[in-house]
Every structure is written in structure tokens, then in C-alpha cells.
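Below is the file input35.txt, which contains compact mmCIF, C-alpha atoms.
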# COMPACT_ATOMS: atom_id res chain seq x y z
CA MET A 1 33.58 113.51 48.84
CA ARG A 2 34.16 111.00 51.62
CA ALA A 3 34.30 112.47 55.11
CA ILE A 4 33.92 111.45 58.73
CA THR A 5 30.91 113.12 60.30
CA PHE A 6 28.99 113.05 63.56
CA ALA A 7 25.41 114.22 64.01
CA GLU A 8 25.20 113.75 67.77
CA TYR A 9 27.55 113.90 70.72
CA GLY A 10 28.81 110.65 72.18
CA GLY A 11 31.52 108.02 72.00
CA PRO A 12 33.62 107.05 68.98
CA GLU A 13 30.67 105.09 67.59
CA VAL A 14 28.91 108.35 66.57
CA LEU A 15 31.60 108.93 63.91
CA GLN A 16 30.36 107.82 60.50
CA LEU A 17 31.98 107.63 57.07
CA ALA A 18 29.66 109.54 54.74
CA GLU A 19 29.41 111.10 51.29
CA VAL A 20 29.02 114.86 51.63
CA PRO A 21 29.43 117.79 49.22
CA ALA A 22 32.97 119.09 48.88
CA PRO A 23 33.39 122.64 50.20
CA GLU A 24 33.77 125.38 47.62
CA PRO A 25 36.36 128.11 48.20
CA GLY A 26 35.10 131.66 48.42
CA PRO A 27 37.09 134.86 47.83
CA GLY A 28 40.60 134.50 49.22
CA GLN A 29 40.03 130.87 50.21
CA VAL A 30 41.66 127.67 49.00
CA ARG A 31 40.46 124.09 48.95
CA VAL A 32 42.93 121.40 49.89
CA ALA A 33 42.91 117.79 48.76
CA VAL A 34 43.85 116.32 52.13
CA ARG A 35 46.68 113.81 52.30
CA ARG A 36 47.00 113.58 56.09
CA ALA A 37 44.90 114.90 58.96
CA GLY A 38 46.19 115.22 62.51
CA VAL A 39 44.35 113.63 65.45
CA ASN A 40 44.28 115.65 68.67
CA PRO A 41 42.58 115.33 72.08
CA ILE A 42 40.41 118.34 71.19
CA ASP A 43 38.84 116.22 68.42
CA TRP A 44 37.32 113.67 70.78
CA LYS A 45 36.52 116.32 73.39
CA ILE A 46 34.39 118.14 70.81
CA ARG A 47 32.83 114.87 69.63
CA SER A 48 31.93 113.86 73.18
CA GLY A 49 30.11 117.14 73.83
CA ALA A 50 32.57 118.14 76.56
CA MET A 51 33.21 121.45 74.79
CA ALA A 52 29.57 122.21 73.99
CA GLY A 53 28.57 123.77 77.31
CA GLY A 54 25.25 121.93 77.17
CA ALA A 55 24.31 123.29 73.73
CA ALA A 56 22.80 120.85 71.23
CA LEU A 57 24.60 119.91 68.03
CA GLU A 58 22.65 121.70 65.30
CA ASN A 59 24.31 120.26 62.18
CA PRO A 60 26.55 117.29 61.38
CA GLN A 61 30.19 118.13 61.96
CA ILE A 62 33.49 117.01 60.39
CA PRO A 63 36.23 116.73 63.03
CA GLY A 64 39.89 117.58 62.64
CA LEU A 65 41.93 120.78 62.95
CA GLU A 66 45.20 119.88 61.24
CA ILE A 67 45.65 119.17 57.53
CA ALA A 68 48.44 118.62 55.07
CA GLY A 69 47.69 118.31 51.37
CA VAL A 70 47.61 119.85 47.91
CA VAL A 71 45.66 122.95 46.86
CA ASP A 72 43.12 121.82 44.24
CA ALA A 73 40.84 124.87 43.93
CA ILE A 74 41.15 128.57 44.76
CA GLY A 75 38.84 131.51 45.25
CA GLY A 76 39.47 134.94 43.81
CA GLY A 77 42.41 136.72 45.40
CA ALA A 78 43.84 133.62 47.05
CA GLU A 79 47.56 133.71 47.79
CA PHE A 80 48.11 130.12 46.65
CA SER A 81 48.05 128.26 43.36
CA VAL A 82 46.53 124.94 42.39
CA GLY A 83 49.18 122.30 43.02
CA ASP A 84 50.81 123.99 46.00
CA GLU A 85 51.65 121.61 48.82
CA VAL A 86 50.45 123.15 52.09
CA PHE A 87 49.79 122.44 55.76
CA GLY A 88 48.07 124.16 58.64
CA TRP A 89 44.62 124.50 60.16
CA SER A 90 41.37 123.66 58.38
CA SER A 91 38.20 125.72 58.74
CA THR A 92 35.86 122.91 57.65
CA GLY A 93 37.29 119.77 59.30
CA GLY A 94 40.28 117.70 58.29
CA TYR A 95 38.82 114.19 58.39
CA ALA A 96 37.73 114.54 54.77
CA GLU A 97 38.99 114.18 51.23
CA PHE A 98 38.74 117.95 50.77
CA ALA A 99 38.86 120.81 53.26
CA LEU A 100 39.04 124.56 53.15
CA GLY A 101 42.28 125.92 54.47
CA GLY A 102 41.83 128.14 57.49
CA THR A 103 45.41 129.23 58.11
CA ILE A 104 47.91 127.43 55.91
CA VAL A 105 51.44 127.86 54.58
CA ARG A 106 53.45 126.12 51.90
CA LYS A 107 55.01 122.79 52.83
CA PRO A 108 58.68 122.21 51.99
CA ALA A 109 59.17 119.31 49.62
CA ASP A 110 61.36 117.45 52.11
CA LEU A 111 58.75 117.56 54.88
CA SER A 112 56.58 114.43 54.92
CA TRP A 113 52.79 114.63 54.94
CA GLU A 114 52.72 112.94 58.34
CA ASP A 115 55.19 115.37 59.87
CA ALA A 116 53.43 118.38 58.33
CA ALA A 117 50.11 117.29 59.86
CA ALA A 118 51.79 116.95 63.26
CA LEU A 119 53.01 120.54 63.52
CA PRO A 120 50.20 123.11 63.89
CA VAL A 121 48.48 122.24 67.18
CA ALA A 122 51.40 120.92 69.21
CA GLY A 123 53.84 123.49 67.85
CA GLU A 124 51.57 126.48 68.44
CA THR A 125 50.72 125.25 71.94
CA ALA A 126 54.37 124.80 72.89
CA LEU A 127 55.32 128.26 71.63
CA ARG A 128 52.33 129.90 73.33
CA VAL A 129 53.05 128.41 76.75
CA LEU A 130 56.78 129.10 76.61
CA ARG A 131 55.92 132.73 75.92
CA LEU A 132 53.38 132.84 78.73
CA LEU A 133 56.06 131.48 81.05
CA GLU A 134 58.60 133.96 79.65
CA VAL A 135 61.30 131.28 79.63
CA LYS A 136 64.71 132.87 79.15
CA PRO A 137 68.16 131.52 78.28
CA GLY A 138 69.89 130.12 81.35
CA GLU A 139 66.67 129.42 83.25
CA LEU A 140 65.56 126.04 84.58
CA LEU A 141 62.24 124.78 83.21
CA VAL A 142 60.33 121.67 84.26
CA VAL A 143 58.15 120.12 81.54
CA HIS A 144 55.62 117.58 82.77
CA GLY A 145 54.81 115.14 79.99
CA ALA A 146 57.98 115.81 78.04
CA SER A 147 57.51 112.74 75.85
CA GLY A 148 54.06 113.78 74.58
CA ALA A 149 53.46 115.73 71.39
CA VAL A 150 53.36 119.17 73.02
CA GLY A 151 55.95 118.33 75.65
CA ARG A 152 58.46 117.18 73.03
CA PHE A 153 58.09 120.43 71.11
CA ALA A 154 58.34 122.55 74.25
CA THR A 155 61.39 120.68 75.50
CA GLN A 156 63.30 120.97 72.24
CA ILE A 157 62.40 124.63 71.66
CA ALA A 158 63.35 125.59 75.23
CA VAL A 159 66.69 123.76 74.94
CA ARG A 160 67.42 125.41 71.60
CA THR A 161 66.72 128.83 73.05
CA GLY A 162 69.19 128.29 75.89
CA ALA A 163 67.09 127.03 78.79
CA THR A 164 67.88 123.98 80.89
CA VAL A 165 65.00 121.49 80.93
CA ILE A 166 64.02 118.74 83.35
CA GLY A 167 61.40 116.59 81.65
CA THR A 168 59.10 114.16 83.44
CA ALA A 169 57.88 111.08 81.59
CA GLY A 170 57.11 107.40 81.99
CA GLN A 171 59.91 104.90 82.55
CA ARG A 172 59.91 103.69 78.95
CA SER A 173 60.26 107.26 77.61
CA LEU A 174 63.15 108.50 79.76
CA ASP A 175 65.84 107.74 77.19
CA GLU A 176 63.81 109.57 74.56
CA VAL A 177 63.45 112.63 76.80
CA GLN A 178 67.20 112.63 77.38
CA SER A 179 67.79 112.50 73.61
CA LEU A 180 65.76 115.72 73.29
CA GLY A 181 68.33 117.53 75.41
CA ALA A 182 66.53 117.38 78.77
CA THR A 183 67.32 115.76 82.09
CA PRO A 184 64.76 112.94 82.35
CA VAL A 185 62.85 112.25 85.58
CA ARG A 186 60.27 109.49 86.04
CA TYR A 187 56.81 110.85 86.81
CA GLY A 188 54.42 109.33 89.34
CA GLU A 189 54.60 109.24 93.12
CA GLY A 190 57.80 110.81 94.39
CA TRP A 191 58.41 112.92 91.29
CA LEU A 192 58.92 116.08 93.34
CA GLU A 193 61.85 114.61 95.26
CA ARG A 194 63.34 113.21 92.05
CA VAL A 195 63.14 116.61 90.32
CA ARG A 196 64.74 118.32 93.30
CA ALA A 197 67.54 115.77 93.23
CA ALA A 198 68.08 116.38 89.51
CA ALA A 199 68.00 120.19 89.78
CA ASP A 200 71.20 122.09 90.49
CA ARG A 201 69.33 125.31 91.32
CA PRO A 202 65.80 126.60 91.95
CA VAL A 203 63.22 125.90 89.24
CA ASP A 204 62.20 129.05 87.35
CA ALA A 205 59.08 127.79 85.55
CA VAL A 206 56.82 124.76 85.18
CA PHE A 207 54.95 123.68 82.03
CA ASP A 208 52.32 121.02 82.74
CA ALA A 209 51.50 119.21 79.50
CA SER A 210 50.47 116.00 81.27
CA GLY A 211 47.40 116.73 83.39
CA HIS A 212 48.37 114.06 85.92
CA GLY A 213 47.57 116.06 89.06
CA VAL A 214 51.02 117.61 89.38
CA LEU A 215 49.94 121.19 90.07
CA PRO A 216 49.93 121.17 93.91
CA GLU A 217 53.46 119.79 94.08
CA SER A 218 54.54 122.09 91.25
CA VAL A 219 53.50 125.03 93.45
CA GLU A 220 55.58 123.50 96.25
CA LEU A 221 58.49 123.12 93.85
CA ARG A 222 58.30 126.73 92.70
CA GLY A 223 57.46 128.15 96.11
CA SER A 224 54.57 130.09 94.57
CA LYS A 225 51.95 129.88 91.81
CA GLU A 226 53.90 132.22 89.59
CA ARG A 227 55.23 130.96 86.26
CA ILE A 228 53.26 127.72 86.27
CA VAL A 229 50.99 127.01 83.29
CA THR A 230 48.95 123.93 82.42
CA ILE A 231 47.26 122.88 79.20
CA ALA A 232 45.71 119.73 80.66
CA ASP A 233 44.59 120.00 84.31
CA PRO A 234 41.25 121.74 85.02
CA ALA A 235 42.19 121.86 88.71
CA ALA A 236 44.05 125.00 87.67
CA PHE A 237 40.82 126.99 87.74
CA GLU A 238 40.26 126.34 91.44
CA MET A 239 43.94 126.84 92.25
CA GLY A 240 44.32 130.17 90.47
CA ILE A 241 46.90 128.81 88.03
CA PRO A 242 46.74 129.76 84.32
CA PHE A 243 45.07 127.17 82.09
CA THR A 244 45.53 127.81 78.39
CA SER A 245 43.70 125.89 75.68
CA GLY A 246 44.56 128.02 72.69
CA GLY A 247 42.25 129.47 70.08
CA GLN A 248 42.26 131.10 66.71
CA ASP A 249 44.40 134.03 67.87
CA GLY A 250 47.47 131.82 67.71
CA GLN A 251 46.60 130.31 64.34
CA THR A 252 48.72 132.53 62.14
CA PRO A 253 51.06 131.96 59.19
CA GLU A 254 53.84 133.49 61.27
CA VAL A 255 53.45 130.81 63.95
CA LEU A 256 53.42 128.02 61.36
CA ASN A 257 56.58 129.37 59.74
CA GLU A 258 58.26 129.74 63.14
CA ILE A 259 57.47 126.10 63.91
CA LEU A 260 58.73 125.13 60.47
CA GLY A 261 61.98 126.97 61.18
CA TYR A 262 62.58 124.83 64.26
CA VAL A 263 61.86 121.67 62.27
CA GLN A 264 64.28 122.67 59.54
CA ALA A 265 66.88 123.33 62.25
CA GLY A 266 66.51 119.76 63.51
CA LEU A 267 63.47 119.61 65.82
CA ARG A 268 62.34 115.99 65.94
CA ILE A 269 58.78 114.74 65.52
CA ALA A 270 57.63 111.39 66.89
CA GLN A 271 55.08 109.64 64.70
CA GLY A 272 52.56 107.16 66.05
CA LYS A 273 50.05 105.11 64.10
CA SER A 274 48.44 106.34 60.90
CA TYR A 275 44.83 105.20 60.41
CA PRO A 276 42.82 105.07 57.18
CA LEU A 277 39.92 107.52 56.99
CA ALA A 278 37.35 104.77 57.60
CA GLU A 279 39.01 103.98 60.94
CA ALA A 280 38.89 107.50 62.37
CA ALA A 281 36.86 106.24 65.35
CA ALA A 282 39.71 103.91 66.31
CA ALA A 283 42.18 106.78 65.99
CA GLN A 284 40.15 108.94 68.36
CA GLU A 285 39.72 106.02 70.75
CA GLU A 286 43.48 105.56 70.91
CA SER A 287 43.95 109.28 71.47
CA GLN A 288 41.42 109.22 74.31
CA ASN A 289 42.33 105.98 76.03
CA GLY A 290 45.81 104.98 75.01
CA HIS A 291 49.39 106.18 75.10
CA PRO A 292 50.25 106.64 71.42
CA GLY A 293 53.92 107.47 71.96
CA GLY A 294 53.79 109.64 68.85
CA LYS A 295 51.53 111.68 66.63
CA LEU A 296 48.35 109.98 65.45
CA THR A 297 47.32 110.82 61.91
CA ILE A 298 44.65 109.86 59.42
CA ALA A 299 45.77 108.88 55.92
CA VAL A 300 43.08 110.36 53.70
CA SER A 301 44.71 109.73 50.33

Could you spell out this file's structure in C-alpha cells?
Amino acid sequence: MRAITFAEYGGPEVLQLAEVPAPEPGPGQVRVAVRRAGVNPIDWKIRSGAMAGGAALENPQIPGLEIAGVVDAIGGGAEFSVGDEVFGWSSTGGYAEFALGGTIVRKPADLSWEDAAALPVAGETALRVLRLLEVKPGELLVVHGASGAVGRFATQIAVRTGATVIGTAGQRSLDEVQSLGATPVRYGEGWLERVRAAADRPVDAVFDASGHGVLPESVELRGSKERIVTIADPAAFEMGIPFTSGGQDGQTPEVLNEILGYVQAGLRIAQGKSYPLAEAAAAQEESQNGHPGGKLTIAVS
């Protein structure tokens, strides 16, 4: 099969299109013929070696956590059938023609491949942080980076569950943030005063999905470090503020189906550029250096 691999840590140039053996499903496993793979910041962070803790790369790796595709082979005892359309997390890397499903669920026929590949990481992250913050109906939540993939999900879910949301974003994204049901506020210098002007009461919680150095002023806004969580700013470790980066504990069928429920109830997904498999390096480069304005995906087939 064709797959994107890297045999050393480094920049996008270490990603190579290669022919590698297709994975074979073991007991209870399924193999997915990948239609779309999601591109996430964690992909290029792993490729760069930033997540390796100084350890060497022992074997070539296939990047990519999110997949959407069709089951084409099953192991004994698998809960799926050949031909099922599915989406979720891959255990072998999604930038490939075939991948083993890690945690997957069936994809509704009316959900596009692109949208299905956009759901697992951003949706699980949004749900996890909203639960960590214990956001309740009637409370006031500030979401930094409300126009990004995770921020959009968090904003819409919080609004649908009865919270009031103030969302910070760039000037060009303010109308979009407002369309999600939030009060938009331009980020950058002076954001704290603008949020205070937009708020009609004290802020109950802050979700930092941007990583733009907003934590000190978020503490000032809240009056304490309580109920502030970031997914993007490592300054949190020195400040004593929770930093959550996820993990396999949240990768469950129940979470995927909960996300799917919000989508079927009208949650909106913003799509960015879709790259062919051979241009995966360009996709990661845009994720790392650009402002996609929507979900980046890789069209595998």
C-alpha cells in the first residue's frame, strides 16, 4: 500500500511517500480502506521529535490519528462487517491507503468523509475540557481561539448546553464566531478590556484553545487560577494551571457517538484545504505555520 512515512525526526521534508505492507487485522480488529485522514498539530509535533523526550526513532512511522473510510478486512470477533463506513482513531497511522481501526464507530451515510475525519480529535478535546471546567447552564465561559477547530466545537457545545460564551478570535473570524452563538471579541493586545466590556457578569470559566499567551490575563479576568484550562500554552506548567493534551483514555466509542449526536443536531464543521496523500508534507506545513481557517484533511482515495 501507499503510505506517508518518516524514519527520522525533522521538518516536513522527512515525510516520504512509500510502498509498505498493509496491516493485517488480528482478533477483534478491523482494517479500514482510508478515504480521508485528519491533519492535526500533534502530527507535526510527533514528526518534529518534540514529543519524543529525547528518545530516538526506532522504526519508520506513519503519522495521522483520525481516519474515515470503509472496512475492508476483519479479524475474528470484530464488531464490524466488510463494507461498513466508519470513522474514528487509527492505531497504525492514517496517512495510508489502509489502517487498522483503533477506536471507530459507524459513519452515517449523510456525513461526508471530510467531516467524519474532522470529528475525533477536536470533538473529544472540546468535550474533555468542558467537563474539566464543569461548565454549567447559565454560566459565562470565555473561549480563546473560538474560530479554531477545537474552539468551534467547544463554543457550539457550550451554547447548546445552556452556557453563555464569549469567543476571542481574529478580526476576519468575528462574524463566524458570532454565527456559532457566541459574543465575538477580537484577540490581541487589549483583549482583556474588550472581554470585560462584553461581559454582563463575572466570567465563570476560561478555555484557552489558542496558546497565544493569554493565561496571565485570564487569571486576572477570573480573579484566581480556578476553572482555567489550556490545551495549547506550556506556560501553564509554571503557572500551576491545568494543561490537558488528551490521550487514549478519551478515545472511546461513547465519545465518538456523543460528538456525532451534536453534529446530527446541527453542530457545524469548518473545512479547510484537502491535500492528496503525496502532498502530506505541505498539509503539515500549513498546520504548523499557517492559519487554515478550517479542518485540514488528506484525501487518500

Item to check | Exercise: segment 236-240 of chain A partners within 9 Å, all atoms listed in the file, chain neighbours under 5 positions left out, as a ChimeraX atom specification | outcome: /A:215-216,225,229-230

Just-selected residues, C-alpha atoms written as a compact mmCIF listing (two decimals), in the coordinates of the input:
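Output contents, as saved in out.txt:
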# COMPACT_ATOMS: atom_id res chain seq x y z
CA LEU A 215 49.94 121.19 90.07
CA PRO A 216 49.93 121.17 93.91
CA LYS A 225 51.95 129.88 91.81
CA VAL A 229 50.99 127.01 83.29
CA THR A 230 48.95 123.93 82.42

Item to check | Point (60.2, 106.9, 86.8) neighbourhood (12 Å, all atoms listed in the file) written as a VMD selection string | outcome: chain A and resid 145 167 to 175 177 184 to 195

Which residues come within 9 Å of segment 34-41 of chain A, counting all atoms listed in the file, excluding same-chain residues fewer than 2 positions away, as a short mmCIF file (atom, residue, chain, number, x, y, z; two decimals) with C-alpha atoms, in the frame of the given file?
data_model
loop_
_atom_site.label_atom_id
_atom_site.label_comp_id
_atom_site.auth_asym_id
_atom_site.auth_seq_id
_atom_site.Cartn_x
_atom_site.Cartn_y
_atom_site.Cartn_z
CA VAL A 32 42.93 121.40 49.89
CA ASP A 43 38.84 116.22 68.42
CA TRP A 44 37.32 113.67 70.78
CA LYS A 45 36.52 116.32 73.39
CA ILE A 46 34.39 118.14 70.81
CA GLY A 64 39.89 117.58 62.64
CA LEU A 65 41.93 120.78 62.95
CA GLU A 66 45.20 119.88 61.24
CA ILE A 67 45.65 119.17 57.53
CA ALA A 68 48.44 118.62 55.07
CA GLY A 69 47.69 118.31 51.37
CA VAL A 70 47.61 119.85 47.91
CA VAL A 71 45.66 122.95 46.86
CA GLY A 94 40.28 117.70 58.29
CA TYR A 95 38.82 114.19 58.39
CA ALA A 96 37.73 114.54 54.77
CA GLU A 97 38.99 114.18 51.23
CA PHE A 98 38.74 117.95 50.77
CA ALA A 99 38.86 120.81 53.26
CA TRP A 113 52.79 114.63 54.94
CA GLU A 114 52.72 112.94 58.34
CA ALA A 116 53.43 118.38 58.33
CA ALA A 117 50.11 117.29 59.86
CA ALA A 118 51.79 116.95 63.26
CA LEU A 119 53.01 120.54 63.52
CA PRO A 120 50.20 123.11 63.89
CA VAL A 121 48.48 122.24 67.18
CA ALA A 122 51.40 120.92 69.21
CA SER A 274 48.44 106.34 60.90
CA ALA A 280 38.89 107.50 62.37
CA ALA A 283 42.18 106.78 65.99
CA GLN A 284 40.15 108.94 68.36
CA SER A 287 43.95 109.28 71.47
CA GLN A 288 41.42 109.22 74.31
CA LYS A 295 51.53 111.68 66.63
CA LEU A 296 48.35 109.98 65.45
CA THR A 297 47.32 110.82 61.91
CA ILE A 298 44.65 109.86 59.42
CA ALA A 299 45.77 108.88 55.92
CA VAL A 300 43.08 110.36 53.70
CA SER A 301 44.71 109.73 50.33
#

Next on the checklist: If we count only C-alpha atoms and set the cut-off at 12 Å, which residues sit around Val206 of chain A, ignoring sequence neighbours fewer than 4 positions away in its own chain? Please answer as number ranges by chain.
Outcome noted: A: 129-130, 132-135, 139-146, 151, 154-155, 158, 164-168, 195, 202, 210, 214-231, 241-242

Checklist entry - Separation of atom CA of Gly213 of chain A and atom CA of Arg152 of chain A, in Å? => result 19.4 Å

Item to check | From A:Ala73, A:Ala205, A:Ala50, A:Ile269, residue lying nearest Lys136 of chain A [all atoms listed in the file] | outcome: A:Ala205

Checklist entry - Counting only C-alpha atoms, which of A:Gly261, A:Gly272, A:Pro27, A:Gly294 gets nearest to Leu111 of chain A? => result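 Going through A:Gly261, A:Gly272, A:Pro27, A:Gly294 one by one, the smallest distance to Leu111 of chain A is for A:Gly261.
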